[in-house]
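What follows is the content of data-v8.pdb, which has PDB, C-alpha atoms:
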MODEL        1
ATOM      1  CA  MET A  28       0.000   0.000   0.000
ATOM      2  CA  ALA A  29       1.326   3.445  -0.903
ATOM      3  CA  GLU A  30       1.969   5.780   2.008
ATOM      4  CA  ILE A  31      -0.765   8.109   0.808
ATOM      5  CA  ASP A  32      -3.305   5.296   1.236
ATOM      6  CA  GLU A  33      -1.992   4.656   4.731
ATOM      7  CA  ALA A  34      -2.483   8.330   5.578
ATOM      8  CA  LEU A  35      -5.978   8.455   4.091
ATOM      9  CA  GLY A  36      -6.971   5.130   5.626
ATOM     10  CA  GLN A  37      -6.366   6.412   9.150
ATOM     11  CA  PHE A  38      -9.638   8.346   8.953
ATOM     12  CA  ALA A  39     -13.063   6.732   8.691
ATOM     13  CA  ALA A  40     -16.149   8.711   7.761
ATOM     14  CA  ASP A  41     -17.405   8.646  11.364
ATOM     15  CA  ASP A  42     -14.095   9.652  13.018
ATOM     16  CA  TYR A  43     -14.216  12.731  15.224
ATOM     17  CA  THR A  44     -11.733  14.602  13.028
ATOM     18  CA  VAL A  45     -13.809  13.994   9.904
ATOM     19  CA  ARG A  46     -16.982  14.965  11.757
ATOM     20  CA  LEU A  47     -15.306  18.144  12.985
ATOM     21  CA  VAL A  48     -14.362  19.187   9.442
ATOM     22  CA  SER A  49     -17.860  18.372   8.158
ATOM     23  CA  SER A  50     -19.502  20.348  10.980
ATOM     24  CA  PHE A  51     -17.143  23.242  10.391
ATOM     25  CA  CYS A  52     -17.921  23.397   6.664
ATOM     26  CA  ALA A  53     -21.651  23.064   7.286
ATOM     27  CA  VAL A  54     -21.893  26.301   9.304
ATOM     28  CA  VAL A  55     -19.857  28.495   6.944
ATOM     29  CA  PRO A  56     -21.965  29.371   3.874
ATOM     30  CA  PHE A  57     -19.004  29.732   1.504
ATOM     31  CA  ALA A  58     -17.124  26.641   2.711
ATOM     32  CA  PRO A  59     -16.543  23.879   0.158
ATOM     33  CA  SER A  60     -18.294  20.525   0.364
ATOM     34  CA  VAL A  61     -15.751  17.952   1.563
ATOM     35  CA  GLN A  62     -16.796  14.477   0.445
ATOM     36  CA  HIS A  63     -14.886  11.880   2.417
ATOM     37  CA  PHE A  64     -12.645   9.319   0.753
ATOM     38  CA  SER A  65     -10.269   6.883   2.428
ATOM     39  CA  SER A  66      -8.016   5.815  -0.443
ATOM     40  CA  LEU A  67      -6.472   7.206  -3.594
ATOM     41  CA  ALA A  68      -8.691   4.933  -5.687
ATOM     42  CA  GLU A  69     -11.825   6.233  -3.977
ATOM     43  CA  GLY A  70     -10.692   9.827  -4.438
ATOM     44  CA  LEU A  71     -10.051   9.150  -8.131
ATOM     45  CA  LYS A  72     -13.521   7.656  -8.492
ATOM     46  CA  GLN A  73     -15.043  10.810  -7.038
ATOM     47  CA  GLN A  74     -13.048  13.080  -9.317
ATOM     48  CA  GLU A  75     -13.274  11.055 -12.539
ATOM     49  CA  PRO A  76     -15.488   7.937 -12.468
ATOM     50  CA  ARG A  77     -14.341   6.799 -15.934
ATOM     51  CA  ALA A  78     -10.624   6.711 -15.110
ATOM     52  CA  LYS A  79      -8.754   3.478 -15.705
ATOM     53  CA  ARG A  80      -6.274   1.594 -13.568
ATOM     54  CA  GLN A  81      -3.331   3.160 -15.386
ATOM     55  CA  VAL A  82      -4.372   6.574 -14.069
ATOM     56  CA  LEU A  83      -4.524   5.240 -10.519
ATOM     57  CA  GLU A  84      -1.087   3.651 -10.865
ATOM     58  CA  ARG A  85       0.339   6.937 -12.141
ATOM     59  CA  ALA A  86      -1.260   8.848  -9.237
ATOM     60  CA  GLN A  87       0.263   6.342  -6.800
ATOM     61  CA  GLU A  88       3.650   6.822  -8.437
ATOM     62  CA  ILE A  89       3.392  10.607  -8.081
ATOM     63  CA  ALA A  90       2.345  10.164  -4.440
ATOM     64  CA  ARG A  91       5.615   8.333  -3.784
ATOM     65  CA  SER A  92       7.696  11.255  -5.091
ATOM     66  CA  PRO A  93       9.926  13.083  -2.584
ATOM     67  CA  ASP A  94       7.868  16.290  -2.760
ATOM     68  CA  ALA A  95       4.564  14.506  -2.108
ATOM     69  CA  GLN A  96       6.085  12.509   0.757
ATOM     70  CA  ARG A  97       7.567  15.662   2.260
ATOM     71  CA  ALA A  98       4.232  17.474   2.000
ATOM     72  CA  LEU A  99       2.578  14.591   3.876
ATOM     73  CA  TRP A 100       5.177  14.826   6.633
ATOM     74  CA  LEU A 101       4.883  18.600   6.965
ATOM     75  CA  ALA A 102       1.085  18.479   7.183
ATOM     76  CA  SER A 103       1.230  15.781   9.847
ATOM     77  CA  ALA A 104       3.874  17.731  11.771
ATOM     78  CA  MET A 105       1.491  20.683  12.034
ATOM     79  CA  ASP A 106      -0.564  18.551  14.459
ATOM     80  CA  THR A 107       2.311  17.398  16.665
ATOM     81  CA  ALA A 108       4.090  19.570  19.196
ATOM     82  CA  ASP A 109       7.219  17.419  19.474
ATOM     83  CA  SER A 110       7.854  17.924  15.748
ATOM     84  CA  GLY A 111       8.703  21.534  16.556
ATOM     85  CA  ILE A 112       6.203  22.798  13.983
ATOM     86  CA  SER A 113       3.266  23.078  16.366
ATOM     87  CA  ALA A 114       2.859  24.261  19.939
ATOM     88  CA  PHE A 115      -0.320  22.203  20.410
ATOM     89  CA  SER A 116      -2.797  25.050  20.152
ATOM     90  CA  GLY A 117      -5.478  23.078  18.367
ATOM     91  CA  VAL A 118      -9.199  23.537  17.955
ATOM     92  CA  LYS A 119     -10.004  22.878  21.633
ATOM     93  CA  SER A 120      -7.796  25.723  22.869
ATOM     94  CA  ALA A 121      -9.030  27.981  20.047
ATOM     95  CA  VAL A 122     -12.658  27.452  21.073
ATOM     96  CA  GLU A 123     -11.784  28.063  24.733
ATOM     97  CA  LEU A 124     -10.026  31.325  23.852
ATOM     98  CA  PHE A 125     -12.978  32.441  21.754
ATOM     99  CA  ARG A 126     -15.466  31.753  24.539
ATOM    100  CA  SER A 127     -13.292  33.539  27.071
ATOM    101  CA  GLN A 128     -13.586  36.676  24.939
ATOM    102  CA  GLU A 129     -17.376  36.633  24.570
ATOM    103  CA  GLY A 130     -18.979  39.567  26.291
ATOM    104  CA  GLN A 131     -15.736  41.444  26.875
ATOM    105  CA  ARG A 132     -13.159  43.356  24.851
ATOM    106  CA  LEU A 133      -9.817  41.561  24.896
ATOM    107  CA  ASN A 134      -6.699  42.158  22.870
ATOM    108  CA  ALA A 135      -5.576  38.560  22.450
ATOM    109  CA  LEU A 136      -2.713  39.679  20.227
ATOM    110  CA  ASP A 137      -1.083  41.035  23.361
ATOM    111  CA  THR A 138      -2.292  38.460  25.877
ATOM    112  CA  ASP A 139      -1.630  35.173  24.080
ATOM    113  CA  ALA A 140       1.773  35.201  22.417
ATOM    114  CA  ALA A 141       1.937  31.387  22.345
ATOM    115  CA  GLN A 142      -1.194  31.179  20.186
ATOM    116  CA  ALA A 143       0.120  33.970  17.947
ATOM    117  CA  THR A 144       3.522  32.391  17.373
ATOM    118  CA  ASP A 145       1.919  29.014  16.728
ATOM    119  CA  ALA A 146      -0.350  30.503  14.061
ATOM    120  CA  VAL A 147       2.665  32.060  12.347
ATOM    121  CA  LEU A 148       4.655  28.822  12.545
ATOM    122  CA  LYS A 149       1.808  26.808  11.026
ATOM    123  CA  ALA A 150       1.402  29.388   8.253
ATOM    124  CA  ILE A 151       5.080  28.929   7.396
ATOM    125  CA  ALA A 152       4.633  25.141   7.342
ATOM    126  CA  LEU A 153       1.501  25.420   5.183
ATOM    127  CA  ALA A 154       3.397  27.585   2.687
ATOM    128  CA  SER A 155       6.052  24.864   2.447
ATOM    129  CA  VAL A 156       3.385  22.210   1.826
ATOM    130  CA  ILE A 157       2.020  24.324  -1.021
ATOM    131  CA  SER A 158       5.495  24.951  -2.401
ATOM    132  CA  ARG A 159       6.185  21.201  -2.476
ATOM    133  CA  LEU A 160       2.932  20.209  -4.157
ATOM    134  CA  TYR A 161       2.395  22.764  -6.885
ATOM    135  CA  SER A 162       4.443  23.986  -9.839
ATOM    136  CA  GLY A 163       5.113  27.472 -11.195
ATOM    137  CA  GLY A 164       5.914  30.714  -9.421
ATOM    138  CA  PRO A 165       4.719  31.602  -5.889
ATOM    139  CA  LEU A 166       1.460  33.184  -7.084
ATOM    140  CA  GLU A 167       0.690  30.254  -9.387
ATOM    141  CA  LYS A 168       1.275  27.808  -6.546
ATOM    142  CA  VAL A 169      -1.022  29.661  -4.173
ATOM    143  CA  ASP A 170      -3.689  30.024  -6.866
ATOM    144  CA  ALA A 171      -3.555  26.275  -7.575
ATOM    145  CA  PHE A 172      -3.879  25.551  -3.840
ATOM    146  CA  ARG A 173      -6.882  27.860  -3.579
ATOM    147  CA  ALA A 174      -8.500  26.190  -6.609
ATOM    148  CA  SER A 175      -8.348  22.784  -4.913
ATOM    149  CA  ASN A 176     -11.446  21.668  -3.025
ATOM    150  CA  THR A 177      -9.415  20.507  -0.037
ATOM    151  CA  GLY A 178      -7.137  23.552  -0.358
ATOM    152  CA  GLN A 179     -10.163  25.791   0.152
ATOM    153  CA  ALA A 180     -11.256  23.814   3.219
ATOM    154  CA  LEU A 181      -7.729  23.828   4.637
ATOM    155  CA  ALA A 182      -7.242  27.562   4.124
ATOM    156  CA  LEU A 183     -10.616  28.345   5.685
ATOM    157  CA  TYR A 184      -9.993  26.027   8.630
ATOM    158  CA  PHE A 185      -6.617  27.629   9.268
ATOM    159  CA  ALA A 186      -8.049  31.143   9.018
ATOM    160  CA  ALA A 187     -10.951  30.461  11.373
ATOM    161  CA  ILE A 188      -9.352  28.110  13.904
ATOM    162  CA  GLU A 189      -5.779  29.393  14.128
ATOM    163  CA  VAL A 190      -6.543  33.107  13.768
ATOM    164  CA  GLY A 191     -10.269  33.872  13.827
ATOM    165  CA  LEU A 192     -11.334  32.113  17.030
ATOM    166  CA  PRO A 193      -8.299  32.946  19.204
ATOM    167  CA  PHE A 194      -8.199  36.572  18.035
ATOM    168  CA  ALA A 195     -11.900  37.118  17.403
ATOM    169  CA  ASP A 196     -11.973  40.712  18.608
ATOM    170  CA  ASN A 197      -9.035  41.618  16.396
ATOM    171  CA  ALA A 198     -10.510  39.727  13.429
ATOM    172  CA  VAL A 199     -13.661  41.834  13.609
ATOM    173  CA  SER A 200     -12.093  45.213  14.362
ATOM    174  CA  GLY A 201      -8.726  44.870  12.700
ATOM    175  CA  GLY A 202      -9.913  44.374   9.138
ATOM    176  CA  ALA A 203      -8.170  41.853   6.944
ATOM    177  CA  GLY A 204      -4.622  42.006   8.285
ATOM    178  CA  VAL A 205      -4.491  39.984  11.507
ATOM    179  CA  LEU A 206      -2.200  37.198  10.287
ATOM    180  CA  GLY A 207      -0.021  39.675   8.416
ATOM    181  CA  GLY A 208       0.346  41.664  11.635
ATOM    182  CA  LEU A 209       1.281  38.523  13.554
ATOM    183  CA  TYR A 210       3.866  37.616  10.943
ATOM    184  CA  SER A 211       5.450  41.063  11.065
ATOM    185  CA  ARG A 212       5.915  40.623  14.835
ATOM    186  CA  PHE A 213       6.857  36.956  15.100
ATOM    187  CA  GLY A 214       7.828  35.882  11.599
ATOM    188  CA  GLU A 215      11.595  36.125  11.845
ATOM    189  CA  ALA A 216      11.835  33.986  14.979
ATOM    190  CA  GLN A 217       9.351  31.417  13.675
ATOM    191  CA  ARG A 218      11.116  31.141  10.334
ATOM    192  CA  ALA A 219      14.277  30.216  12.227
ATOM    193  CA  ARG A 220      12.324  27.764  14.375
ATOM    194  CA  PHE A 221      10.790  26.151  11.290
ATOM    195  CA  ALA A 222      14.194  25.787   9.631
ATOM    196  CA  ALA A 223      15.656  24.189  12.752
ATOM    197  CA  SER A 224      12.741  21.771  13.149
ATOM    198  CA  SER A 225      12.152  20.798   9.527
ATOM    199  CA  GLY A 226      15.637  21.082   8.109
ATOM    200  CA  GLU A 227      14.496  23.323   5.273
ATOM    201  CA  ALA A 228      14.188  27.044   4.728
ATOM    202  CA  ALA A 229      10.805  28.744   4.738
ATOM    203  CA  SER A 230       9.130  29.233   1.358
ATOM    204  CA  ASP A 231       9.114  32.997   1.632
ATOM    205  CA  GLY A 232       7.747  33.685  -1.850
ATOM    206  CA  VAL A 233       4.737  31.398  -1.380
ATOM    207  CA  LEU A 234       4.159  32.661   2.159
ATOM    208  CA  ASP A 235       4.139  36.241   0.898
ATOM    209  CA  LYS A 236       1.351  35.371  -1.566
ATOM    210  CA  LEU A 237      -0.539  33.272   0.993
ATOM    211  CA  LEU A 238      -0.873  35.748   3.883
ATOM    212  CA  GLY A 239      -3.265  38.064   2.039
ATOM    213  CA  PRO A 240      -5.802  35.393   1.013
ATOM    214  CA  ILE A 241      -5.701  33.855   4.505
ATOM    215  CA  ASP A 242      -6.314  37.251   6.102
ATOM    216  CA  ALA A 243      -9.223  37.804   3.730
ATOM    217  CA  LEU A 244     -10.715  34.521   4.968
ATOM    218  CA  VAL A 245     -10.141  35.588   8.585
ATOM    219  CA  HIS A 246     -12.199  38.683   7.883
ATOM    220  CA  THR A 247     -15.019  36.998   5.913
ATOM    221  CA  SER A 248     -15.339  34.132   8.404
ATOM    222  CA  ALA A 249     -15.571  36.494  11.409
ATOM    223  CA  PRO A 250     -19.406  36.712  11.344
ATOM    224  CA  HIS A 251     -19.579  32.909  11.539
ATOM    225  CA  LEU A 252     -17.158  32.360  14.417
ATOM    226  CA  LYS A 253     -19.845  31.727  17.015
ATOM    227  CA  GLY A 254     -21.433  29.092  14.781
ATOM    228  CA  ILE A 255     -18.012  27.532  14.216
ATOM    229  CA  ALA A 256     -17.294  27.458  17.966
ATOM    230  CA  ASP A 257     -20.708  25.959  18.710
ATOM    231  CA  ALA A 258     -20.290  23.290  16.020
ATOM    232  CA  ALA A 259     -16.817  22.377  17.280
ATOM    233  CA  GLY A 260     -18.083  22.419  20.849
ATOM    234  CA  LYS A 261     -20.536  19.639  20.019
ATOM    235  CA  VAL A 262     -17.779  17.365  18.689
ATOM    236  CA  ILE A 263     -15.021  18.059  21.221
ATOM    237  CA  PRO A 264     -16.627  16.398  24.294
ATOM    238  CA  GLY A 265     -17.050  13.079  22.500
ATOM    239  CA  ALA A 266     -13.407  13.014  21.463
ATOM    240  CA  MET A 267     -12.228  14.035  24.937
ATOM    241  CA  ASN A 268     -14.336  11.250  26.472
ATOM    242  CA  MET A 269     -12.135   8.589  24.871
ATOM    243  CA  GLY A 270     -10.447   8.389  28.273
ATOM    244  CA  ASP A 271      -6.984   6.865  28.314
ATOM    245  CA  LYS A 272      -6.658   7.119  24.539
ATOM    246  CA  ALA A 273      -7.279  10.866  24.614
ATOM    247  CA  ALA A 274      -4.876  11.321  27.511
ATOM    248  CA  GLY A 275      -2.196   9.394  25.648
ATOM    249  CA  ILE A 276      -2.635  11.504  22.526
ATOM    250  CA  VAL A 277      -2.284  14.746  24.471
ATOM    251  CA  ALA A 278       0.690  13.397  26.439
ATOM    252  CA  THR A 279       2.598  12.791  23.188
ATOM    253  CA  GLY A 280       1.990  16.382  22.136
ATOM    254  CA  ALA A 281      -0.425  15.480  19.348
ATOM    255  CA  ASP A 282      -3.659  17.302  18.643
ATOM    256  CA  ILE A 283      -6.624  15.091  19.477
ATOM    257  CA  PHE A 284      -8.117  16.389  16.220
ATOM    258  CA  PRO A 285      -5.345  15.869  13.610
ATOM    259  CA  VAL A 286      -7.118  18.007  11.025
ATOM    260  CA  TYR A 287      -3.937  19.013   9.213
ATOM    261  CA  ARG A 288      -2.895  15.397   8.834
ATOM    262  CA  TYR A 289      -6.367  14.560   7.509
ATOM    263  CA  LEU A 290      -6.734  17.502   5.135
ATOM    264  CA  GLY A 291      -3.049  17.356   4.217
ATOM    265  CA  ALA A 292      -3.415  13.754   3.042
ATOM    266  CA  ARG A 293      -6.481  14.742   1.027
ATOM    267  CA  LEU A 294      -4.621  17.698  -0.479
ATOM    268  CA  VAL A 295      -1.724  15.495  -1.586
ATOM    269  CA  ALA A 296      -4.144  12.898  -2.987
ATOM    270  CA  GLU A 297      -6.111  15.482  -4.961
ATOM    271  CA  ARG A 298      -2.927  16.919  -6.426
ATOM    272  CA  CYS A 299      -1.566  13.505  -7.427
ATOM    273  CA  ILE A 300      -4.893  12.592  -9.027
ATOM    274  CA  SER A 301      -5.031  15.889 -10.940
ATOM    275  CA  LEU A 302      -1.493  15.442 -12.254
ATOM    276  CA  ALA A 303      -2.184  11.862 -13.310
ATOM    277  CA  LEU A 304      -5.385  12.854 -15.100
ATOM    278  CA  ALA A 305      -3.564  15.693 -16.861
ATOM    279  CA  GLU A 306      -0.981  13.232 -18.167
ATOM    280  CA  MET A 307      -3.535  10.549 -19.049
ATOM    281  CA  PRO A 308      -6.806  12.330 -19.903
ATOM    282  CA  VAL A 309      -9.930  10.184 -19.920
ATOM    283  CA  LYS A 310     -11.604   9.846 -23.290
ATOM    284  CA  GLU A 311     -15.073  11.232 -23.791
ATOM    285  CA  GLU A 312     -17.853   8.644 -23.754
ATOM    286  CA  SER A 313     -18.472   9.177 -27.475
ATOM    287  CA  GLU A 314     -14.918   7.918 -28.098
ATOM    288  CA  ILE A 315     -15.454   4.729 -26.115
ATOM    289  CA  ALA A 316     -17.124   1.697 -27.679
ATOM    290  CA  ASN A 317     -18.790   0.581 -24.469
ATOM    291  CA  PRO A 318     -18.507   3.273 -21.764
ATOM    292  CA  ALA A 319     -20.096   1.085 -19.075
ATOM    293  CA  MET A 320     -17.126  -1.264 -19.242
ATOM    294  CA  HIS A 321     -14.670   1.569 -18.588
ATOM    295  CA  GLN A 322     -16.046   2.995 -15.357
ATOM    296  CA  ILE A 323     -14.555   2.553 -11.943
ATOM    297  CA  GLN A 324     -16.871   0.011 -10.382
ATOM    298  CA  TYR A 325     -18.346  -0.962  -7.054
ATOM    299  CA  THR A 326     -19.223  -4.519  -8.065
ATOM    300  CA  THR A 327     -19.044  -8.196  -7.189
ATOM    301  CA  LYS A 328     -18.723  -9.156 -10.842
ATOM    302  CA  LYS A 329     -15.334  -9.931 -12.324
ATOM    303  CA  PRO A 330     -13.953  -6.577 -13.543
ATOM    304  CA  ASP A 331     -12.073  -5.875 -16.702
ATOM    305  CA  ARG A 332      -8.325  -5.983 -16.117
ATOM    306  CA  ASP A 333      -8.073  -2.188 -16.475
ATOM    307  CA  ASP A 334     -11.028  -1.356 -14.215
ATOM    308  CA  ILE A 335     -10.490   0.048 -10.740
ATOM    309  CA  VAL A 336     -12.498  -1.794  -8.115
ATOM    310  CA  VAL A 337     -12.989   0.125  -4.877
ATOM    311  CA  PRO A 338     -13.956  -2.249  -2.055
ATOM    312  CA  ALA A 339     -17.310  -1.381  -0.527
ATOM    313  CA  ALA A 340     -17.162  -0.009   3.019
ATOM    314  CA  LYS A 341     -17.530  -2.657   5.670
ATOM    315  CA  LYS A 342     -20.946  -2.674   7.274
ATOM    316  CA  ARG A 343     -20.995  -2.525  11.049
ATOM    317  CA  GLY A 344     -23.530  -3.762  13.546
ATOM    318  CA  CYS A 345     -24.649  -6.907  11.668
ATOM    319  CA  LEU A 346     -23.998  -9.386  14.503
ATOM    320  CA  PRO A 347     -26.986  -8.362  16.647
ATOM    321  CA  PHE A 348     -29.240  -8.787  13.624
ATOM    322  CA  VAL A 349     -27.851 -12.278  12.915
ATOM    323  CA  VAL A 350     -28.291 -13.287  16.555
ATOM    324  CA  LEU A 351     -31.872 -12.037  16.600
ATOM    325  CA  TRP A 352     -32.611 -13.745  13.303
ATOM    326  CA  PHE A 353     -31.366 -17.107  14.530
ATOM    327  CA  SER A 354     -33.057 -16.669  17.894
ATOM    328  CA  GLY A 355     -36.343 -16.276  16.049
ATOM    329  CA  LEU A 356     -35.630 -18.985  13.488
ATOM    330  CA  ILE A 357     -34.903 -21.831  15.881
ATOM    331  CA  PRO A 358     -38.232 -21.612  17.805
ATOM    332  CA  ALA A 359     -40.025 -21.327  14.488
ATOM    333  CA  VAL A 360     -38.446 -24.560  13.231
ATOM    334  CA  TYR A 361     -39.513 -26.408  16.378
ATOM    335  CA  ALA A 362     -43.038 -25.011  16.079
ATOM    336  CA  ILE A 363     -43.330 -26.246  12.486
ATOM    337  CA  ARG A 364     -42.084 -29.700  13.462
ATOM    338  CA  GLU A 365     -44.640 -29.862  16.304
ATOM    339  CA  TRP A 366     -47.403 -28.827  13.926
ATOM    340  CA  ILE A 367     -46.409 -31.374  11.291
ATOM    341  CA  GLY A 368     -45.950 -34.112  13.852
TER     342      GLY A 368
ENDMDL
END
Take the structure from the file and write it as structure tokens.
Amino acid sequence: MAEIDEALGQFAADDYTVRLVSSFCAVVPFAPSVQHFSSLAEGLKQQEPRAKRQVLERAQEIARSPDAQRALWLASAMDTADSGISAFSGVKSAVELFRSQEGQRLNALDTDAAQATDAVLKAIALASVISRLYSGGPLEKVDAFRASNTGQALALYFAAIEVGLPFADNAVSGGAGVLGGLYSRFGEAQRARFAASSGEAASDGVLDKLLGPIDALVHTSAPHLKGIADAAGKVIPGAMNMGDKAAGIVATGADIFPVYRYLGARLVAERCISLALAEMPVKEESEIANPAMHQIQYTTKKPDRDDIVVPAAKKRGCLPFVVLWFSGLIPAVYAIREWIG
């Protein structure tokens, strides 16, 4: 299995992280729709149902490239404090900071330097992810990121959770320059910290083109921050109630909601799929003798050798039904035998 499939397969549709992202997108009117997929093949099916196995194999090959692998690592590191690229100021602390500001005027830019430096550090890491995945100049890379479905969700999540919620008062009153202001204050130190932790220099050109669009999202998402906090607040208790598992996650310095690892894996997958499709475009149906034979299939029939078969999701909760069925069947059999006899 390619590493990208391992990363995607860590998240099921009912996981708390996936539910958090879905809830988040549902309360922001301009948020993209994020349809879950747990493998590269499933993501390819969503994007181009007629694609053949050769396209999937090419996407898997691209996913194994050094840049794609590095982007996966950087995105995952944004969720882990001991990587040096995160100070563990995830969604839970962001919601708590937002609620502490309700009903009072606070200048969180002055009172919470840890949250501010963490936001800057993650912005630097995100710029490096973008630089690794996309081609062209800095502006072209950022534009390609913003055109991606997952890129839009990731940018909006970052803007709202890392900047909007913790610095809500500033996001509303300070216009569209909160992250830019944070970077001007803490950028130099965090660039050095990123270089020391990751072993690579910051992608300054991409970061320069990314700050403005992120700040614009901070500003436009500000009216929806209460809805975002309320939606997150409904998911957080369930995740925190995992007991020892949750305590172990926090003890290792990992965010209990690894959203960047989840969305980062999706971002890499989408990019690899797009590149593969660009190299091997799917023919129009009019050019195919029998289009039905060329679709990616969910089927129990023997597929064509070039078809991509995505295994159906495993159904849960069948055992109680089987037990009940047999418990009803056995008395019924005895009753029939009594009646016949």
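Counting only C-alpha atoms, the residue from A:Gly254, A:Val190, A:Ala152, A:Ala243 that sits nearest to Ala228 in chain A is A:Ala152.
Taking only C-alpha atoms, the non-local environment of Arg288 in chain A within 10 Å (same-chain residues fewer than 6 positions away omitted) comprises A:Ala34, A:Leu35, A:Gln37, A:Phe38, A:Thr44, A:Leu99, A:Trp100, A:Leu101, A:Ala102, A:Ser103, A:Ala104, A:Met105, A:Asp106, A:Thr107, A:Leu294.
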Write the residues of the selection above to a file with C-alpha atoms, as a PDB file, in the coordinates of the input.
ATOM      1  CA  ALA A  34      -2.483   8.330   5.578  1.00  0.00           C
ATOM      2  CA  LEU A  35      -5.978   8.455   4.091  1.00  0.00           C
ATOM      3  CA  GLN A  37      -6.366   6.412   9.150  1.00  0.00           C
ATOM      4  CA  PHE A  38      -9.638   8.346   8.953  1.00  0.00           C
ATOM      5  CA  THR A  44     -11.733  14.602  13.028  1.00  0.00           C
ATOM      6  CA  LEU A  99       2.578  14.591   3.876  1.00  0.00           C
ATOM      7  CA  TRP A 100       5.177  14.826   6.633  1.00  0.00           C
ATOM      8  CA  LEU A 101       4.883  18.600   6.965  1.00  0.00           C
ATOM      9  CA  ALA A 102       1.085  18.479   7.183  1.00  0.00           C
ATOM     10  CA  SER A 103       1.230  15.781   9.847  1.00  0.00           C
ATOM     11  CA  ALA A 104       3.874  17.731  11.771  1.00  0.00           C
ATOM     12  CA  MET A 105       1.491  20.683  12.034  1.00  0.00           C
ATOM     13  CA  ASP A 106      -0.564  18.551  14.459  1.00  0.00           C
ATOM     14  CA  THR A 107       2.311  17.398  16.665  1.00  0.00           C
ATOM     15  CA  LEU A 294      -4.621  17.698  -0.479  1.00  0.00           C
TER      16      LEU A 294
END
The PyMOL selection byres ((chain A and resi 251) around 12) - which residues does that actually catch in the file I just gave you? List them as a ChimeraX atom specification.
/A:51-58,183,186-188,191-192,195,198-199,244-250,252-258
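Using only C-alpha atoms, the residues found no farther than 12 Å from Ser49 in chain A, other than those of its own chain fewer than 4 positions away, are Ala40, Asp41, Asp42, Tyr43, Thr44, Val45, Ala53, Val54, Val55, Ala58, Pro59, Ser60, Val61, Gln62, His63, Thr177, Ala180, Tyr184, Ile255, Ala258, Ala259, Val262, Val286 and Leu290 of chain A.
Our summary of the geometry notes that CA of Ala174 in chain A is positioned 13.8 Å from CA of Ile241 in chain A.
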With distances taken over all atoms listed in the file, which residue among A:Glu30, A:Ser65, A:Arg46, A:Glu75 lies nearest Val309 in chain A?
A:Glu75
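Taking CA of Tyr287 in chain A and CA of Phe221 in chain A as endpoints, the distance between them is 16.5 Å.
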Using all atoms listed in the file, the best pick from A:Lys236, A:Lys149, A:Arg91, A:Arg173 as closest to Gly214 in chain A would be A:Lys149
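Pairwise distance (CA of Ala95 in chain A, CA of Leu181 in chain A) equals 16.8 Å.
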If you count only C-alpha atoms, which residues fall within 8 Å of Ile300 in chain A, apart from same-chain ones fewer than 2 positions away, as a VMD selection string?
chain A and resid 67 70 to 71 82 to 83 86 296 to 298 302 to 304
I'd like the residues picked by the PyMOL selection byres ((chain A and resi 222-225) around 12) written out as a PyMOL selection string, using the chain letters and numbers from the file.
chain A and resi 97-98+100-102+104-105+107-113+148+151-152+155-156+215-221+226-231
